[in-house]
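Asks: Pasting query_38.cif below, which is mmCIF, C-alpha atoms.
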```cif
data_final
loop_
_atom_site.label_atom_id
_atom_site.label_comp_id
_atom_site.auth_asym_id
_atom_site.auth_seq_id
_atom_site.Cartn_x
_atom_site.Cartn_y
_atom_site.Cartn_z
CA ASP E 1 -20.85 -97.88 -12.85
CA LEU E 2 -21.69 -98.24 -9.19
CA HIS E 3 -25.23 -99.57 -9.30
CA SER E 4 -27.57 -100.33 -6.41
CA PHE E 5 -27.09 -99.93 -2.72
CA PRO E 6 -23.97 -101.75 -1.55
CA THR E 7 -24.02 -104.60 0.86
CA ARG E 8 -21.15 -105.20 3.25
CA ARG E 9 -19.94 -107.90 0.87
CA SER E 10 -19.97 -105.62 -2.20
CA SER E 11 -18.07 -102.90 -0.30
CA ASP E 12 -15.51 -105.50 0.76
CA LEU E 13 -15.16 -106.69 -2.84
CA MET E 14 -14.72 -103.12 -4.10
CA ARG E 15 -12.01 -102.53 -1.50
CA GLU E 16 -10.25 -105.77 -2.39
CA TYR E 17 -10.32 -105.34 -6.17
CA HIS E 18 -10.28 -101.54 -6.63
CA GLU E 19 -6.75 -101.35 -7.99
CA GLY E 20 -6.68 -100.27 -11.64
CA ILE E 21 -10.41 -99.53 -11.71
CA ILE E 22 -11.88 -96.18 -12.71
CA ALA E 23 -15.31 -95.95 -11.09
CA LEU E 24 -18.25 -93.72 -12.05
CA SER E 25 -21.21 -92.92 -9.82
CA ALA E 26 -23.60 -94.43 -12.41
CA CYS E 27 -26.95 -93.64 -13.99
CA LEU E 28 -30.21 -93.11 -12.09
CA ALA E 29 -29.95 -96.70 -10.83
CA GLY E 30 -26.69 -95.97 -9.01
CA GLU E 31 -26.42 -95.51 -5.26
CA VAL E 32 -25.54 -91.80 -5.24
CA PRO E 33 -28.22 -90.79 -7.81
CA ARG E 34 -30.86 -92.88 -6.02
CA TYR E 35 -30.21 -91.03 -2.78
CA LEU E 36 -30.34 -87.70 -4.61
CA GLU E 37 -33.59 -88.69 -6.32
CA LYS E 38 -35.12 -89.31 -2.89
CA GLY E 39 -33.87 -85.98 -1.54
CA LEU E 40 -31.36 -87.70 0.76
CA TYR E 41 -28.41 -85.43 0.07
CA GLU E 42 -26.37 -86.32 3.17
CA GLU E 43 -26.67 -90.04 2.39
CA ALA E 44 -25.58 -89.37 -1.20
CA LYS E 45 -22.64 -87.40 0.14
CA GLU E 46 -21.59 -90.23 2.47
CA ALA E 47 -21.85 -92.77 -0.37
CA ALA E 48 -19.73 -90.56 -2.66
CA LYS E 49 -17.13 -90.10 0.10
CA ARG E 50 -17.02 -93.87 0.66
CA HIS E 51 -16.52 -94.55 -3.06
CA LEU E 52 -13.80 -91.90 -3.24
CA GLU E 53 -12.04 -93.51 -0.28
CA ILE E 54 -12.26 -96.97 -1.88
CA PHE E 55 -11.13 -96.08 -5.42
CA GLY E 56 -8.88 -93.13 -4.61
CA GLU E 57 -8.49 -89.63 -5.92
CA GLY E 58 -8.47 -89.52 -9.69
CA ASN E 59 -10.20 -92.90 -9.95
CA TYR E 60 -13.73 -91.98 -8.86
CA PHE E 61 -15.94 -89.60 -10.85
CA LEU E 62 -19.44 -88.21 -10.37
CA GLU E 63 -21.45 -88.93 -13.49
CA LEU E 64 -23.73 -86.51 -15.33
CA GLN E 65 -26.31 -87.90 -17.77
CA ASP E 66 -29.11 -86.28 -19.75
CA HIS E 67 -31.32 -88.48 -21.91
CA GLY E 68 -34.21 -86.02 -21.85
CA ILE E 69 -35.55 -87.38 -18.55
CA PRO E 70 -36.50 -84.58 -16.10
CA LEU E 71 -35.35 -86.64 -13.10
CA GLN E 72 -31.81 -86.70 -14.52
CA ARG E 73 -31.72 -82.91 -14.56
CA GLN E 74 -32.78 -82.86 -10.91
CA VAL E 75 -30.15 -85.44 -9.94
CA ASN E 76 -27.49 -83.58 -11.96
CA GLN E 77 -27.97 -80.54 -9.72
CA GLY E 78 -27.12 -82.69 -6.69
CA ILE E 79 -24.18 -84.25 -8.55
CA MET E 80 -22.80 -80.77 -9.32
CA ARG E 81 -23.15 -79.75 -5.66
CA LEU E 82 -21.41 -82.93 -4.47
CA SER E 83 -18.58 -82.35 -6.94
CA LYS E 84 -17.96 -78.86 -5.59
CA GLU E 85 -18.25 -79.82 -1.92
CA LEU E 86 -16.16 -83.00 -2.09
CA ASN E 87 -13.79 -81.98 -4.89
CA ILE E 88 -14.72 -85.10 -6.88
CA PRO E 89 -14.36 -84.58 -10.64
CA LEU E 90 -17.33 -84.80 -13.01
CA VAL E 91 -17.69 -86.97 -16.09
CA ALA E 92 -20.38 -86.78 -18.78
CA THR E 93 -21.72 -90.05 -20.16
CA ASN E 94 -24.58 -91.26 -22.31
CA ASP E 95 -26.04 -94.74 -22.22
CA CYS E 96 -26.12 -96.50 -25.57
CA HIS E 97 -28.78 -99.09 -24.75
CA TYR E 98 -30.17 -99.04 -28.30
CA ILE E 99 -27.12 -100.90 -29.55
CA LEU E 100 -27.33 -103.58 -26.86
CA LEU E 101 -31.10 -103.86 -27.10
CA CYS E 102 -30.99 -104.28 -30.87
CA ILE E 103 -28.30 -106.95 -30.59
CA GLN E 104 -30.27 -108.81 -27.92
CA THR E 105 -33.60 -108.66 -29.76
CA GLY E 106 -32.27 -109.02 -33.31
CA LYS E 107 -33.85 -105.70 -34.38
CA LYS E 108 -32.53 -102.61 -36.13
CA VAL E 109 -32.75 -99.13 -34.63
CA SER E 110 -34.82 -98.17 -37.67
CA ASP E 111 -37.40 -100.92 -36.96
CA GLU E 112 -40.69 -99.38 -35.87
CA ASN E 113 -41.71 -102.51 -33.96
CA ARG E 114 -38.93 -102.67 -31.35
CA MET E 115 -38.54 -101.98 -27.64
CA ARG E 116 -37.84 -98.38 -26.65
CA TYR E 117 -36.47 -96.48 -23.67
CA GLU E 118 -37.94 -93.36 -22.09
CA GLY E 119 -36.32 -90.21 -23.42
CA GLY E 120 -35.28 -91.61 -26.79
CA GLN E 121 -31.61 -90.61 -26.52
CA TYR E 122 -29.78 -93.87 -25.78
CA TYR E 123 -27.19 -93.89 -28.54
CA VAL E 124 -23.53 -92.95 -28.87
CA LYS E 125 -23.58 -89.16 -28.98
CA SER E 126 -20.94 -87.02 -30.61
CA GLU E 127 -18.64 -84.75 -28.63
CA GLU E 128 -20.57 -81.75 -29.95
CA GLU E 129 -23.91 -83.20 -28.79
CA MET E 130 -22.45 -83.83 -25.34
CA ARG E 131 -21.03 -80.30 -25.14
CA GLN E 132 -24.47 -78.92 -26.03
CA LEU E 133 -26.09 -81.03 -23.30
CA PHE E 134 -23.63 -79.93 -20.61
CA PRO E 135 -22.59 -76.32 -21.35
CA TYR E 136 -22.46 -75.74 -17.59
CA ALA E 137 -19.84 -78.48 -17.05
CA PRO E 138 -17.20 -78.45 -19.84
CA GLU E 139 -14.76 -80.16 -17.46
CA ALA E 140 -17.05 -83.22 -17.48
CA ILE E 141 -16.53 -83.58 -21.23
CA GLU E 142 -12.76 -83.15 -20.83
CA ASN E 143 -12.71 -85.80 -18.09
CA THR E 144 -14.59 -88.23 -20.34
CA HIS E 145 -11.74 -87.88 -22.84
CA LYS E 146 -9.07 -88.20 -20.12
CA ILE E 147 -10.67 -91.42 -18.85
CA ALA E 148 -10.80 -92.84 -22.38
CA GLU E 149 -7.09 -92.08 -22.81
CA ARG E 150 -6.33 -94.00 -19.59
CA CYS E 151 -8.13 -97.13 -20.78
CA ASN E 152 -6.03 -99.70 -22.58
CA VAL E 153 -8.42 -102.05 -24.35
CA GLU E 154 -7.56 -104.50 -27.07
CA ILE E 155 -10.42 -106.33 -28.75
CA GLU E 156 -9.61 -109.51 -30.64
CA PHE E 157 -12.29 -109.96 -33.28
CA GLY E 158 -13.39 -113.35 -34.53
CA VAL E 159 -12.59 -115.11 -31.25
CA THR E 160 -15.39 -116.05 -28.87
CA LYS E 161 -14.34 -115.55 -25.25
CA LEU E 162 -17.13 -117.28 -23.36
CA PRO E 163 -16.61 -119.82 -20.58
CA ARG E 164 -17.32 -123.45 -21.42
CA PHE E 165 -19.89 -125.22 -19.30
CA ASP E 166 -20.49 -128.94 -19.52
CA VAL E 167 -24.20 -129.49 -20.15
CA PRO E 168 -25.80 -132.78 -19.08
CA ASP E 169 -26.99 -135.06 -21.89
CA GLY E 170 -30.45 -134.19 -23.15
CA TYR E 171 -30.11 -130.45 -22.52
#
```
As structure tokens, how would this structure be written, given the file I've shared?
Replies:
Amino acid sequence: DLHSFPTRRSSDLMREYHEGIIALSACLAGEVPRYLEKGLYEEAKEAAKRHLEIFGEGNYFLELQDHGIPLQRQVNQGIMRLSKELNIPLVATNDCHYILLCIQTGKKVSDENRMRYEGGQYYVKSEEEMRQLFPYAPEAIENTHKIAERCNVEIEFGVTKLPRFDVPDGY
């Protein structure tokens, strides 16, 4: 996800390390959606064009999300327009913050006394749920599947892969 407004340094880093990366325009916190939220369509368009140029055709997607937040529906209209005008493919995603939040706080999703997110839809949704959310963009669902097929991920369970840092005595 391409979050926040890029600095010259972040753009340089994206250009340097873009090879093999599939980039999405991100949630409401991303650069393109933030411009759209503010009604700055031309700025959103320039940002999307820049990301397309950096990552290349077929490696940059405009992201649709709908967690029941009205602002997302507004931004999605701009995303759809950008996709048509710039010929950048769509992808449908859904944040699954509940899983991460529960892991971080040691709570269960079923716990009444836990942190919550606005909209209440931050879980791994089924294909059918996603198709119901985005009946106007079936290609976004298909692209989600195509991206997943392109990802080669192997997870080795039971092995902690964290860097080791020497901690001074007493800490």
Asks: Which is closer to Met14 (chain E) than all the others in E:Cys27, E:Leu64, E:Leu86, E:Ile54, using all atoms listed in the file?
Replies: E:Ile54
Asks: Evaluate the PyMOL selection byres ((chain E and resi 20) around 12) against this structure - the residues, as a list in words, please.
Replies: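 On this input, the PyMOL selection byres ((chain E and resi 20) around 12) captures Met14, Arg15, Glu16, Tyr17, His18, Glu19, Ile21, Ile22, Ala23, Ile54, Phe55, Gly56, Gly58, Asn59, Tyr60, Arg150, Cys151 and Asn152 of chain E.
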Asks: Could you tell me how far CA of Leu133 (chain E) lies from CA of Cys96 (chain E), in Å and to one decimal?
Replies: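 Computing the Euclidean distance for CA of Leu133 (chain E) and CA of Cys96 (chain E) yields 15.6 Å.
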Asks: Using all atoms listed in the file, can you tell me which of E:Val153, E:Ala140, E:Ala92, E:Leu40 comes closest to Lys125 (chain E)?
Replies: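 Among E:Val153, E:Ala140, E:Ala92, E:Leu40, it is E:Ala92 that comes nearest to Lys125 (chain E).
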Asks: Between CA of Leu28 (chain E) and CA of Gln77 (chain E), what is the distance in Å, rounded to a tenth?
Replies: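 Answer for the CA of Leu28 (chain E) to CA of Gln77 (chain E) separation: 13.0 Å.
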Asks: Using CA of Ala137 (chain E) and CA of Gly78 (chain E) as the two end points, give the distance in Å to one decimal.
Replies: 13.3 Å
Asks: Env of Glu46 (chain E): 12 Å cut, atoms = all atoms listed in the file, seq-sep filter 3 positions within chain, self excluded. Answer as an MDAnalysis selection string.
Replies: chainID E and resid 31:32 35:36 40:43 49:53 82 85:86
Asks: Tell me which of E:Asn143, E:Gln121, E:Asn87, E:Thr105 sits closest to Ala48 (chain E), counting only C-alpha atoms.
Replies: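 Of the candidates, the smallest distance to Ala48 (chain E) is held by E:Asn87.
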Asks: Missing atoms in region 57-74 of chain E should be modelled up to N, CA and C atoms and reported as a PDB file, in the frame of the given file.
Replies:
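Saved the output as part-v1.pdb:
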```pdb
ATOM      1  N   GLU E  57      -8.421 -90.863  -5.147  1.00  0.00           N
ATOM      2  CA  GLU E  57      -8.490 -89.630  -5.920  1.00  0.00           C
ATOM      3  C   GLU E  57      -8.041 -89.880  -7.349  1.00  0.00           C
ATOM      4  N   GLY E  58      -8.798 -89.347  -8.288  1.00  0.00           N
ATOM      5  CA  GLY E  58      -8.470 -89.520  -9.690  1.00  0.00           C
ATOM      6  C   GLY E  58      -9.038 -90.795 -10.295  1.00  0.00           C
ATOM      7  N   ASN E  59      -9.628 -91.645  -9.464  1.00  0.00           N
ATOM      8  CA  ASN E  59     -10.200 -92.900  -9.950  1.00  0.00           C
ATOM      9  C   ASN E  59     -11.697 -93.010  -9.704  1.00  0.00           C
ATOM     10  N   TYR E  60     -12.288 -91.993  -9.098  1.00  0.00           N
ATOM     11  CA  TYR E  60     -13.730 -91.980  -8.860  1.00  0.00           C
ATOM     12  C   TYR E  60     -14.292 -90.664  -9.386  1.00  0.00           C
ATOM     13  N   PHE E  61     -15.343 -90.768 -10.208  1.00  0.00           N
ATOM     14  CA  PHE E  61     -15.940 -89.600 -10.850  1.00  0.00           C
ATOM     15  C   PHE E  61     -17.445 -89.586 -10.604  1.00  0.00           C
ATOM     16  N   LEU E  62     -17.988 -88.394 -10.470  1.00  0.00           N
ATOM     17  CA  LEU E  62     -19.440 -88.210 -10.370  1.00  0.00           C
ATOM     18  C   LEU E  62     -19.981 -88.021 -11.776  1.00  0.00           C
ATOM     19  N   GLU E  63     -20.989 -88.799 -12.110  1.00  0.00           N
ATOM     20  CA  GLU E  63     -21.450 -88.930 -13.490  1.00  0.00           C
ATOM     21  C   GLU E  63     -22.686 -88.086 -13.772  1.00  0.00           C
ATOM     22  N   LEU E  64     -22.605 -87.286 -14.827  1.00  0.00           N
ATOM     23  CA  LEU E  64     -23.730 -86.510 -15.330  1.00  0.00           C
ATOM     24  C   LEU E  64     -24.303 -87.214 -16.555  1.00  0.00           C
ATOM     25  N   GLN E  65     -25.633 -87.348 -16.598  1.00  0.00           N
ATOM     26  CA  GLN E  65     -26.310 -87.900 -17.770  1.00  0.00           C
ATOM     27  C   GLN E  65     -27.527 -87.048 -18.072  1.00  0.00           C
ATOM     28  N   ASP E  66     -27.888 -86.985 -19.355  1.00  0.00           N
ATOM     29  CA  ASP E  66     -29.110 -86.280 -19.750  1.00  0.00           C
ATOM     30  C   ASP E  66     -29.669 -86.925 -21.008  1.00  0.00           C
ATOM     31  N   HIS E  67     -30.645 -87.796 -20.804  1.00  0.00           N
ATOM     32  CA  HIS E  67     -31.320 -88.480 -21.910  1.00  0.00           C
ATOM     33  C   HIS E  67     -32.694 -87.883 -22.151  1.00  0.00           C
ATOM     34  N   GLY E  68     -32.914 -86.647 -21.681  1.00  0.00           N
ATOM     35  CA  GLY E  68     -34.210 -86.020 -21.850  1.00  0.00           C
ATOM     36  C   GLY E  68     -35.198 -86.396 -20.750  1.00  0.00           C
ATOM     37  N   ILE E  69     -34.709 -86.979 -19.669  1.00  0.00           N
ATOM     38  CA  ILE E  69     -35.550 -87.380 -18.550  1.00  0.00           C
ATOM     39  C   ILE E  69     -35.445 -86.296 -17.468  1.00  0.00           C
ATOM     40  N   PRO E  70     -36.563 -85.664 -17.088  1.00  0.00           N
ATOM     41  CA  PRO E  70     -36.500 -84.580 -16.100  1.00  0.00           C
ATOM     42  C   PRO E  70     -35.802 -84.974 -14.796  1.00  0.00           C
ATOM     43  N   LEU E  71     -35.978 -86.193 -14.347  1.00  0.00           N
ATOM     44  CA  LEU E  71     -35.350 -86.640 -13.100  1.00  0.00           C
ATOM     45  C   LEU E  71     -33.826 -86.555 -13.188  1.00  0.00           C
ATOM     46  N   GLN E  72     -33.267 -86.800 -14.366  1.00  0.00           N
ATOM     47  CA  GLN E  72     -31.810 -86.700 -14.520  1.00  0.00           C
ATOM     48  C   GLN E  72     -31.341 -85.268 -14.295  1.00  0.00           C
ATOM     49  N   ARG E  73     -32.109 -84.312 -14.763  1.00  0.00           N
ATOM     50  CA  ARG E  73     -31.720 -82.910 -14.560  1.00  0.00           C
ATOM     51  C   ARG E  73     -31.726 -82.557 -13.078  1.00  0.00           C
ATOM     52  N   GLN E  74     -32.705 -83.090 -12.366  1.00  0.00           N
ATOM     53  CA  GLN E  74     -32.780 -82.860 -10.910  1.00  0.00           C
ATOM     54  C   GLN E  74     -31.575 -83.495 -10.210  1.00  0.00           C
TER      55      GLN E  74
END
```
